[in-house]
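Q: The file below is my_file.cif, mmCIF, C-alpha atoms:
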```
data_start
loop_
_atom_site.label_atom_id
_atom_site.label_comp_id
_atom_site.auth_asym_id
_atom_site.auth_seq_id
_atom_site.Cartn_x
_atom_site.Cartn_y
_atom_site.Cartn_z
CA MET A 1 -5.70 6.03 35.26
CA ILE A 2 -5.48 6.94 31.57
CA SER A 3 -6.92 4.36 29.19
CA GLU A 4 -4.79 2.62 26.56
CA ALA A 5 -6.87 4.20 23.79
CA VAL A 6 -6.12 7.71 25.09
CA ILE A 7 -2.43 6.93 25.46
CA LYS A 8 -2.34 5.86 21.82
CA ARG A 9 -4.06 9.09 20.72
CA LEU A 10 -1.82 11.39 22.78
CA PRO A 11 1.16 11.23 20.37
CA ARG A 12 -1.14 12.14 17.47
CA TYR A 13 -2.41 15.19 19.34
CA TYR A 14 1.14 16.16 20.12
CA ARG A 15 2.32 15.78 16.54
CA PHE A 16 -0.55 17.81 15.14
CA ILE A 17 -0.17 20.58 17.74
CA LYS A 18 3.57 20.69 17.05
CA GLN A 19 2.83 21.10 13.33
CA LEU A 20 0.55 24.03 14.16
CA ALA A 21 3.10 25.60 16.51
CA ASP A 22 5.86 25.22 13.90
CA GLY A 23 3.54 26.93 11.42
CA GLY A 24 3.00 29.89 13.74
CA VAL A 25 -0.62 29.07 14.63
CA GLU A 26 -1.54 30.43 18.08
CA ARG A 27 -4.89 28.87 18.84
CA VAL A 28 -7.00 25.99 17.64
CA SER A 29 -10.52 24.68 18.18
CA SER A 30 -11.39 21.13 19.18
CA THR A 31 -13.27 20.86 15.84
CA LYS A 32 -10.09 21.62 13.89
CA ILE A 33 -8.08 19.07 15.90
CA ALA A 34 -10.85 16.50 15.50
CA SER A 35 -10.98 16.91 11.75
CA ALA A 36 -7.20 16.53 11.34
CA LEU A 37 -7.18 13.37 13.45
CA SER A 38 -10.43 11.89 12.08
CA ILE A 39 -12.09 11.70 15.51
CA THR A 40 -15.02 13.64 17.00
CA ALA A 41 -14.66 17.05 18.63
CA SER A 42 -16.27 15.78 21.83
CA GLN A 43 -13.67 13.02 21.96
CA VAL A 44 -10.93 15.64 21.66
CA ARG A 45 -12.39 17.73 24.47
CA GLN A 46 -12.83 14.69 26.68
CA ASP A 47 -9.28 13.40 26.02
CA LEU A 48 -7.64 16.74 26.70
CA CYS A 49 -9.81 17.21 29.81
CA ASN A 50 -8.11 14.13 31.25
CA PHE A 51 -4.96 16.20 31.43
CA GLY A 52 -6.32 19.26 33.14
CA GLY A 53 -8.68 20.78 30.57
CA PHE A 54 -6.78 23.60 28.95
CA GLY A 55 -9.53 24.60 26.49
CA GLN A 56 -11.74 27.67 26.79
CA GLN A 57 -15.21 27.94 25.33
CA GLY A 58 -15.28 30.27 22.33
CA TYR A 59 -11.51 30.56 22.25
CA GLY A 60 -10.25 27.02 21.88
CA TYR A 61 -6.80 25.85 22.89
CA ASP A 62 -3.67 27.92 23.24
CA VAL A 63 -1.33 26.05 20.86
CA GLY A 64 1.95 26.96 22.58
CA LYS A 65 0.67 26.06 26.03
CA LEU A 66 -0.97 22.84 24.81
CA LYS A 67 2.26 21.80 23.08
CA ILE A 68 4.28 22.26 26.27
CA GLU A 69 1.74 20.46 28.42
CA LEU A 70 1.38 17.52 26.01
CA ALA A 71 5.17 17.26 25.75
CA ALA A 72 5.44 17.10 29.53
CA ILE A 73 2.74 14.42 29.73
CA LEU A 74 4.53 12.36 27.08
CA GLY A 75 7.84 12.67 28.90
CA LEU A 76 9.32 14.77 26.10
CA ASP A 77 10.57 17.45 28.48
CA LYS A 78 13.86 15.63 29.07
CA VAL A 79 16.76 14.08 27.14
CA TYR A 80 16.88 10.32 26.51
CA ASP A 81 20.11 8.44 25.88
CA MET A 82 19.48 5.77 23.25
CA ILE A 83 21.48 2.91 21.82
CA ILE A 84 20.62 0.81 18.77
CA VAL A 85 21.45 -2.88 18.61
CA GLY A 86 21.70 -4.09 15.03
CA ALA A 87 23.33 -1.95 12.32
CA GLY A 88 21.51 -3.45 9.34
CA ASN A 89 19.09 -1.52 7.13
CA ILE A 90 16.69 -0.61 9.93
CA GLY A 91 19.41 0.24 12.47
CA ARG A 92 21.15 2.47 9.96
CA ALA A 93 17.89 4.18 8.98
CA LEU A 94 17.17 4.91 12.65
CA ALA A 95 20.70 6.18 13.26
CA GLY A 96 20.20 8.56 10.35
CA TYR A 97 16.78 9.84 11.33
CA LYS A 98 17.09 13.51 12.22
CA GLY A 99 13.69 13.84 13.89
CA PHE A 100 14.69 12.03 17.08
CA LYS A 101 16.96 14.82 18.34
CA ASP A 102 14.18 17.40 18.03
CA ASP A 103 12.26 15.44 20.63
CA GLY A 104 15.23 14.86 22.92
CA PHE A 105 16.13 11.31 21.85
CA TYR A 106 19.89 11.04 21.34
CA VAL A 107 21.39 7.96 19.70
CA ARG A 108 24.72 7.49 21.48
CA ALA A 109 25.97 4.18 20.06
CA LEU A 110 25.21 1.30 17.72
CA PHE A 111 26.09 -2.35 18.29
CA ASP A 112 26.41 -5.11 15.72
CA ILE A 113 27.83 -8.64 15.57
CA ASP A 114 29.72 -7.55 12.46
CA PRO A 115 30.48 -3.81 12.77
CA ARG A 116 31.68 -3.19 9.22
CA CYS A 117 31.57 0.58 9.56
CA SER A 118 33.26 2.25 12.51
CA SER A 119 30.58 4.93 12.58
CA ILE A 120 27.24 5.78 10.97
CA ASN A 121 26.18 9.42 10.77
CA GLY A 122 28.83 10.21 13.32
CA ILE A 123 27.58 7.57 15.77
CA LYS A 124 30.11 4.94 16.80
CA VAL A 125 29.39 1.29 15.93
CA TYR A 126 30.68 -1.19 18.51
CA ASP A 127 31.01 -4.95 18.46
CA MET A 128 28.20 -6.74 20.32
CA ASP A 129 30.82 -8.13 22.72
CA PHE A 130 31.23 -4.64 24.12
CA LEU A 131 27.52 -4.19 24.98
CA LYS A 132 27.77 -5.46 28.56
CA THR A 133 30.73 -3.19 29.38
CA TYR A 134 29.06 -0.22 27.66
CA LEU A 135 25.93 -0.68 29.77
CA GLN A 136 28.05 -0.73 32.94
CA GLN A 137 29.78 2.50 31.99
CA ASN A 138 26.96 4.51 30.40
CA GLN A 139 23.46 5.67 31.12
CA VAL A 140 21.03 4.11 28.60
CA ASP A 141 17.39 5.18 28.84
CA ILE A 142 16.11 3.42 25.74
CA ALA A 143 17.56 0.55 23.75
CA VAL A 144 16.37 -0.13 20.22
CA ILE A 145 16.38 -3.72 18.97
CA ALA A 146 16.92 -3.67 15.20
CA THR A 147 18.33 -7.16 14.77
CA GLN A 148 17.01 -10.16 12.85
CA LYS A 149 14.15 -11.87 14.66
CA ASP A 150 16.28 -14.86 15.70
CA SER A 151 18.60 -12.76 17.86
CA ALA A 152 16.00 -10.36 19.26
CA LYS A 153 15.25 -12.42 22.37
CA SER A 154 18.88 -12.87 23.45
CA VAL A 155 19.56 -9.19 22.80
CA ALA A 156 16.56 -8.22 24.95
CA ASP A 157 17.82 -10.50 27.73
CA ALA A 158 21.29 -8.91 27.58
CA LEU A 159 19.84 -5.40 27.65
CA ILE A 160 17.60 -6.15 30.62
CA ALA A 161 20.48 -7.88 32.46
CA GLY A 162 22.51 -4.71 31.85
CA GLY A 163 19.86 -2.54 33.50
CA VAL A 164 17.96 -1.17 30.48
CA LYS A 165 14.35 -0.46 31.44
CA SER A 166 12.84 0.69 28.12
CA ILE A 167 13.03 -1.30 24.90
CA TRP A 168 11.86 -0.25 21.44
CA ASN A 169 11.59 -3.39 19.36
CA PHE A 170 11.74 -3.37 15.55
CA ALA A 171 12.38 -7.11 15.17
CA PRO A 172 9.32 -8.96 13.86
CA VAL A 173 8.82 -11.13 16.93
CA GLU A 174 6.71 -11.10 20.10
CA LEU A 175 9.10 -10.47 23.01
CA GLU A 176 8.18 -11.25 26.57
CA VAL A 177 9.67 -8.93 29.16
CA PRO A 178 9.54 -9.08 32.97
CA GLU A 179 7.46 -6.73 35.13
CA GLY A 180 9.01 -3.28 35.37
CA ILE A 181 10.39 -3.29 31.83
CA THR A 182 8.68 -1.10 29.24
CA LEU A 183 8.44 -2.61 25.77
CA GLU A 184 7.08 -0.94 22.67
CA ASN A 185 6.92 -2.78 19.36
CA ILE A 186 7.04 -1.32 15.89
CA SER A 187 5.75 -4.01 13.70
CA MET A 188 5.98 -3.21 10.05
CA SER A 189 4.53 -6.52 8.95
CA GLU A 190 1.50 -6.11 11.22
CA SER A 191 0.81 -2.71 9.72
CA LEU A 192 1.23 -4.12 6.22
CA TYR A 193 -1.18 -6.98 7.03
CA VAL A 194 -3.77 -4.48 8.19
CA LEU A 195 -3.29 -2.67 4.87
CA SER A 196 -3.72 -5.86 2.83
CA TYR A 197 -6.79 -6.79 4.91
CA ARG A 198 -8.35 -3.40 4.27
CA SER A 199 -7.41 -3.48 0.58
CA LYS A 200 -9.04 -6.88 0.22
CA ASN A 201 -12.21 -5.74 1.97
CA ARG A 202 -12.46 -2.41 0.22
CA LYS A 203 -15.54 -1.83 -1.86
CA ASN A 204 -14.15 -0.96 -5.26
CA MET N 1 -18.64 -6.39 10.44
CA ILE N 2 -15.29 -7.04 12.14
CA SER N 3 -14.32 -4.47 14.78
CA GLU N 4 -11.21 -2.33 14.50
CA ALA N 5 -9.76 -3.98 17.60
CA VAL N 6 -10.06 -7.45 16.07
CA ILE N 7 -8.53 -6.26 12.78
CA LYS N 8 -5.53 -4.96 14.72
CA ARG N 9 -5.12 -8.29 16.55
CA LEU N 10 -5.42 -10.45 13.40
CA PRO N 11 -1.86 -9.78 12.17
CA ARG N 12 -0.51 -10.75 15.58
CA TYR N 13 -2.38 -14.05 15.47
CA TYR N 14 -1.09 -14.67 11.99
CA ARG N 15 2.51 -13.91 12.89
CA PHE N 16 2.45 -16.17 15.93
CA ILE N 17 0.75 -19.03 14.06
CA LYS N 18 3.30 -18.65 11.25
CA GLN N 19 6.12 -18.90 13.82
CA LEU N 20 4.57 -22.13 15.12
CA ALA N 21 4.09 -23.55 11.61
CA ASP N 22 7.70 -22.68 10.69
CA GLY N 23 8.79 -24.48 13.86
CA GLY N 24 6.88 -27.63 12.87
CA VAL N 25 4.14 -27.28 15.54
CA GLU N 26 0.89 -28.95 14.38
CA ARG N 27 -1.67 -27.86 16.94
CA VAL N 28 -2.07 -25.15 19.55
CA SER N 29 -4.50 -24.30 22.33
CA SER N 30 -6.22 -20.97 22.78
CA THR N 31 -4.41 -20.70 26.15
CA LYS N 32 -1.02 -20.94 24.43
CA ILE N 33 -1.96 -18.33 21.83
CA ALA N 34 -3.38 -16.09 24.56
CA SER N 35 -0.21 -16.26 26.62
CA ALA N 36 2.05 -15.42 23.66
CA LEU N 37 -0.09 -12.41 22.74
CA SER N 38 -0.80 -11.23 26.30
CA ILE N 39 -4.57 -11.47 25.92
CA THR N 40 -7.13 -13.83 27.48
CA ALA N 41 -7.93 -17.27 26.09
CA SER N 42 -11.61 -16.41 25.84
CA GLN N 43 -10.69 -13.37 23.75
CA VAL N 44 -8.71 -15.64 21.41
CA ARG N 45 -11.62 -18.07 21.04
CA GLN N 46 -14.06 -15.24 20.44
CA ASP N 47 -11.83 -13.52 17.87
CA LEU N 48 -11.17 -16.67 15.90
CA CYS N 49 -14.87 -17.60 16.06
CA ASN N 50 -15.55 -14.42 14.08
CA PHE N 51 -13.83 -16.14 11.19
CA GLY N 52 -15.64 -19.44 11.23
CA GLY N 53 -14.53 -21.07 14.50
CA PHE N 54 -11.80 -23.49 13.53
CA GLY N 55 -11.01 -24.67 17.10
CA GLN N 56 -12.08 -27.99 18.57
CA GLN N 57 -12.63 -28.54 22.30
CA GLY N 58 -9.87 -30.69 23.80
CA TYR N 59 -7.81 -30.52 20.63
CA GLY N 60 -7.23 -26.87 20.00
CA TYR N 61 -6.43 -25.37 16.63
CA ASP N 62 -4.85 -27.07 13.63
CA VAL N 63 -1.84 -24.78 13.04
CA GLY N 64 -1.50 -25.43 9.31
CA LYS N 65 -5.17 -24.88 8.62
CA LEU N 66 -5.37 -21.81 10.86
CA LYS N 67 -2.36 -20.28 9.11
CA ILE N 68 -3.96 -20.73 5.67
CA GLU N 69 -7.31 -19.37 6.83
CA LEU N 70 -5.79 -16.35 8.60
CA ALA N 71 -3.62 -15.63 5.54
CA ALA N 72 -6.71 -15.68 3.33
CA ILE N 73 -8.60 -13.37 5.69
CA LEU N 74 -5.67 -10.95 5.72
CA GLY N 75 -5.47 -10.99 1.93
CA LEU N 76 -2.07 -12.70 2.01
CA ASP N 77 -3.12 -15.37 -0.48
CA LYS N 78 -2.13 -13.21 -3.45
CA VAL N 79 0.80 -11.21 -4.78
CA TYR N 80 0.98 -7.43 -4.31
CA ASP N 81 2.96 -5.16 -6.60
CA MET N 82 4.53 -2.42 -4.50
CA ILE N 83 6.46 0.75 -5.25
CA ILE N 84 8.35 2.93 -2.79
CA VAL N 85 8.47 6.70 -3.17
CA GLY N 86 11.51 8.16 -1.42
CA ALA N 87 14.89 6.42 -1.52
CA GLY N 88 16.32 7.86 1.68
CA ASN N 89 17.19 5.81 4.76
CA ILE N 90 13.68 4.44 5.27
CA GLY N 91 13.02 3.76 1.59
CA ARG N 92 16.31 1.93 1.29
CA ALA N 93 15.67 -0.09 4.44
CA LEU N 94 12.26 -1.13 3.10
CA ALA N 95 13.72 -2.02 -0.31
CA GLY N 96 16.20 -4.27 1.48
CA TYR N 97 13.73 -5.98 3.78
CA LYS N 98 13.58 -9.66 2.83
CA GLY N 99 10.46 -10.49 4.81
CA PHE N 100 8.05 -8.78 2.39
CA LYS N 101 8.46 -11.36 -0.37
CA ASP N 102 7.60 -14.21 2.00
CA ASP N 103 4.17 -12.65 2.36
CA GLY N 104 3.70 -11.90 -1.32
CA PHE N 105 4.65 -8.21 -1.29
CA TYR N 106 6.99 -7.46 -4.19
CA VAL N 107 8.79 -4.13 -4.40
CA ARG N 108 8.94 -3.38 -8.14
CA ALA N 109 10.41 0.12 -8.24
CA LEU N 110 11.66 3.05 -6.16
CA PHE N 111 11.22 6.73 -6.96
CA ASP N 112 13.23 9.68 -5.71
CA ILE N 113 13.66 13.35 -6.59
CA ASP N 114 17.42 12.71 -6.65
CA PRO N 115 17.98 9.07 -7.68
CA ARG N 116 21.69 8.84 -6.88
CA CYS N 117 21.80 5.05 -7.19
CA SER N 118 20.38 3.41 -10.29
CA SER N 119 19.24 0.43 -8.24
CA ILE N 120 18.98 -0.70 -4.61
CA ASN N 121 19.03 -4.41 -3.84
CA GLY N 122 18.33 -5.07 -7.49
CA ILE N 123 15.29 -2.75 -7.54
CA LYS N 124 15.42 0.08 -10.06
CA VAL N 125 15.35 3.69 -8.76
CA TYR N 126 13.54 6.12 -11.05
CA ASP N 127 13.30 9.88 -11.05
CA MET N 128 10.07 11.21 -9.53
CA ASP N 129 9.23 12.75 -12.92
CA PHE N 130 8.67 9.24 -14.24
CA LEU N 131 6.07 8.30 -11.58
CA LYS N 132 3.03 9.35 -13.61
CA THR N 133 4.12 7.39 -16.68
CA TYR N 134 5.06 4.37 -14.56
CA LEU N 135 1.60 4.32 -12.99
CA GLN N 136 0.01 4.42 -16.45
CA GLN N 137 2.08 1.46 -17.62
CA ASN N 138 2.20 -0.76 -14.54
CA GLN N 139 -0.10 -2.35 -12.00
CA VAL N 140 0.62 -0.93 -8.52
CA ASP N 141 -1.35 -2.45 -5.63
CA ILE N 142 0.42 -0.66 -2.80
CA ALA N 143 2.52 2.50 -2.80
CA VAL N 144 4.81 3.27 0.11
CA ILE N 145 5.47 6.90 1.00
CA ALA N 146 8.94 7.17 2.51
CA THR N 147 9.62 10.81 1.77
CA GLN N 148 10.21 13.76 4.08
CA LYS N 149 7.02 15.01 5.65
CA ASP N 150 6.88 18.15 3.49
CA SER N 151 6.49 16.19 0.25
CA ALA N 152 4.23 13.43 1.58
CA LYS N 153 0.98 15.18 0.71
CA SER N 154 1.88 15.98 -2.89
CA VAL N 155 3.21 12.45 -3.36
CA ALA N 156 -0.04 10.99 -2.01
CA ASP N 157 -2.02 13.21 -4.40
CA ALA N 158 0.10 12.06 -7.37
CA LEU N 159 -0.31 8.40 -6.41
CA ILE N 160 -4.07 8.70 -6.03
CA ALA N 161 -4.33 10.61 -9.31
CA GLY N 162 -2.40 7.76 -10.91
CA GLY N 163 -4.92 5.20 -9.68
CA VAL N 164 -3.19 3.81 -6.58
CA LYS N 165 -5.78 2.63 -4.06
CA SER N 166 -3.60 1.52 -1.10
CA ILE N 167 -1.01 3.72 0.56
CA TRP N 168 1.43 2.77 3.30
CA ASN N 169 2.70 6.00 4.81
CA PHE N 170 6.01 6.25 6.69
CA ALA N 171 6.23 10.05 6.59
CA PRO N 172 5.54 11.61 10.00
CA VAL N 173 2.43 13.51 8.94
CA GLU N 174 -1.35 13.03 9.06
CA LEU N 175 -2.51 12.50 5.47
CA GLU N 176 -6.10 12.94 4.42
CA VAL N 177 -7.26 10.63 1.64
CA PRO N 178 -10.58 10.51 -0.23
CA GLU N 179 -13.20 7.80 0.25
CA GLY N 180 -12.20 4.53 -1.42
CA ILE N 181 -8.49 4.93 -0.72
CA THR N 182 -6.92 2.73 1.95
CA LEU N 183 -4.27 4.43 4.07
CA GLU N 184 -2.17 2.81 6.77
CA ASN N 185 0.37 4.83 8.74
CA ILE N 186 3.54 3.63 10.36
CA SER N 187 4.45 6.30 12.78
CA MET N 188 7.77 5.78 14.43
CA SER N 189 7.58 8.96 16.44
CA GLU N 190 4.15 8.04 17.81
CA SER N 191 5.44 4.70 18.97
CA LEU N 192 8.46 6.38 20.54
CA TYR N 193 6.21 8.88 22.34
CA VAL N 194 4.17 6.00 23.76
CA LEU N 195 7.44 4.50 24.97
CA SER N 196 8.57 7.73 26.62
CA TYR N 197 5.11 8.16 28.18
CA ARG N 198 5.24 4.67 29.63
CA SER N 199 8.85 5.10 30.76
CA LYS N 200 7.91 8.30 32.56
CA ASN N 201 4.92 6.69 34.24
CA ARG N 202 6.66 3.46 35.16
CA LYS N 203 6.90 2.68 38.83
CA ASN N 204 10.63 2.16 39.36
#
```
Can you turn what I pasted into C-alpha cells?

A:
Amino acid sequence: MISEAVIKRLPRYYRFIKQLADGGVERVSSTKIASALSITASQVRQDLCNFGGFGQQGYGYDVGKLKIELAAILGLDKVYDMIIVGAGNIGRALAGYKGFKDDGFYVRALFDIDPRCSSINGIKVYDMDFLKTYLQQNQVDIAVIATQKDSAKSVADALIAGGVKSIWNFAPVELEVPEGITLENISMSESLYVLSYRSKNRKN
Amino acid sequence: MISEAVIKRLPRYYRFIKQLADGGVERVSSTKIASALSITASQVRQDLCNFGGFGQQGYGYDVGKLKIELAAILGLDKVYDMIIVGAGNIGRALAGYKGFKDDGFYVRALFDIDPRCSSINGIKVYDMDFLKTYLQQNQVDIAVIATQKDSAKSVADALIAGGVKSIWNFAPVELEVPEGITLENISMSESLYVLSYRSKNRKN
C-alpha cells in the first residue's frame, strides 16, 4: 500500500527524471533529485525503494531505467483515449496542449452545449446531445470536465452512466462520485488561495 | 504555526462555505462539512479550532461569519493586482476566467514575446520587452507564469528582479526561487499522472 503523500510525489520524480533523460543525463544521485524537488535525500531513497529500489550506492540511479520504471508505475506505458466536455477557455486550452500526447493521452473529441467551432486543433467538437451515443460507440479512458460549475455534476453523472471510470475535473466544485470511479480535481482557485494565504503570511 | 496539510484544506473549506452562503444557507454542522470534503468531522472541528474555534455545540457554524473569517485568513479580504506572462492557450484561458474577480484577483496586463492580439477580454497584451518598465511603474502583487517550460525560468528571474514577490506557475517545470519569494505551482501533468496511476491501480 503506497501512501497518498508518495503518490503525490511520484509525478514530480517522473517529471524531473524525464527532464534529465531529455537532456541526455545518464545517472543521478538521490541528493541531486532531492535538491530539485526540495525534499531530503533520505526521503527520495525511501520513496524510490517502495518501487523496488533501483539505486546503487556510489553510483546513484540509472536515469533511463528509472524513467521507464516510474512511467510504468504511473500507468504511462499505455495510450489513453480522452474526451473533453466543455469547449470554453479551459477546454480549448486543454485541447491545444501538446504535452498530453507525449505521455500517451490522446484527446479524441470535445463536447459543448453550443459547439460554435466544428473543430479545435483538429479535434472534432460535438453537441452535448451526442455524448451518450459517443460513449456507446467509443472507448473513453478519461473524461475531462471543463464546464461551468453549475453543469459539472450533471455532466459527471452522464459520463459515469455512459461507463467512464476516470474523471479529471477542472470545474470549481466538489464532485461526489460512486465507489469504483476515479476522480482527480484541478482546482485553480484552491491553488490561488494557497498563494494568497502564503503571500499574506510572508515575512517581508 | 499552521501545518501544510491544514493550509491545503483551508481553500476547500472556504469554497464549500462560499457555496453554502451563495445558496442562502445560514448554518452548517461539522458533519455536513466533513461529508462534502470527504474528511472526518473531528478533523473539521480541529482544523477550524486552529483559527479561533467559531463552532458552537448543538448549533454548528454560522456560515456568514465563517466565510468572512476564512476569507480573512486566506488573505481574500483585499484586492490583488495580477499580471500574466504568456498569452498562449493557458494565459488566454486565465485572462478570460471570470471567477478571479469575485475573490479580488484583478488581471491588469498580459505579456507575450509575440503579442498578436492587442487585448484579450479587455486586458491589454504587451510585448515582453516592456515587462521591466511595467514592473517599475505598476504595483504587481501576483505574477502568473503561463509560458512554455523553456522560458519559465528566465521569466521568473525577470519578475523577481522587478520586485514581484508572489508567483503562480503554470509552466510544467520545477522552479527554484530565493527566500522571501512565494511560489505556487499548478501542475496539470502531475494531476493527470495521479489520475493515470489511480486508474491503473483501480480494482475494476

Q: Taking only C-alpha atoms into account, report as an NGL selection string which residues of chain A lie within 6 Å of chain N.

A: :A and (11 or 74-75 or 89-90 or 93 or 184 or 190 or 193 or 195-197 or 200)

Q: When you count all atoms listed in the file, which of these residues is closest to Phe170 (chain N): N:Lys101, N:Ser119, N:Ala21, N:Ile84?

A: N:Ile84

Q: Starting from the point (24.9, -4.3, 33.9), work out which residues of protein, DNA or RNA have an atom no more than 8 Å away when counting only C-alpha atoms; state them as a ChimeraX atom specification.

A: /A:132-133,135-136,161-163

Q: Generate the output file for the selected residues, C-alpha atoms, as a PDB file, keeping the file's coordinate frame.

A:
```pdb
ATOM      1  CA  LYS A 132      27.770  -5.460  28.560  1.00  0.00           C
ATOM      2  CA  THR A 133      30.730  -3.190  29.380  1.00  0.00           C
ATOM      3  CA  LEU A 135      25.930  -0.680  29.770  1.00  0.00           C
ATOM      4  CA  GLN A 136      28.050  -0.730  32.940  1.00  0.00           C
ATOM      5  CA  ALA A 161      20.480  -7.880  32.460  1.00  0.00           C
ATOM      6  CA  GLY A 162      22.510  -4.710  31.850  1.00  0.00           C
ATOM      7  CA  GLY A 163      19.860  -2.540  33.500  1.00  0.00           C
TER       8      GLY A 163
END
```

Q: Taking the file as shown, find all residues satisfying the PyMOL selection byres ((chain N and resi 81) around 10) and write them as a ChimeraX atom specification.

A: /N:79-80,82-83,104-109,138-143

Q: Report the centre and edge lengths, in Å to one decimal, of an axis-aligned box enclosing every atom of region 96-107 of chain A listed in the file, padded by 8 Å on each side, as JSON.

A:
```
{"center_x": 16.8, "center_y": 12.7, "center_z": 16.6, "size_x": 25.1, "size_y": 25.4, "size_z": 28.6}
```

Q: So what do you get for CA of Ile39 (chain A) versus CA of Asp47 (chain N), distance-wise?

A: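 About the pair CA of Ile39 (chain A) and CA of Asp47 (chain N): they are 25.3 Å apart.
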
Q: Using only C-alpha atoms, can you tell me which of A:Val28, A:Cys117, A:Val44, A:Val144 comes closest to Gly58 (chain A)?

A: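 Going through A:Val28, A:Cys117, A:Val44, A:Val144 one by one, the smallest distance to Gly58 (chain A) is for A:Val28.
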
Q: How far is it from CA of Ala41 (chain N) to CA of Pro178 (chain A), in Å with one decimal?

A: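 One can read the CA of Ala41 (chain N) to CA of Pro178 (chain A) distance as 20.5 Å.
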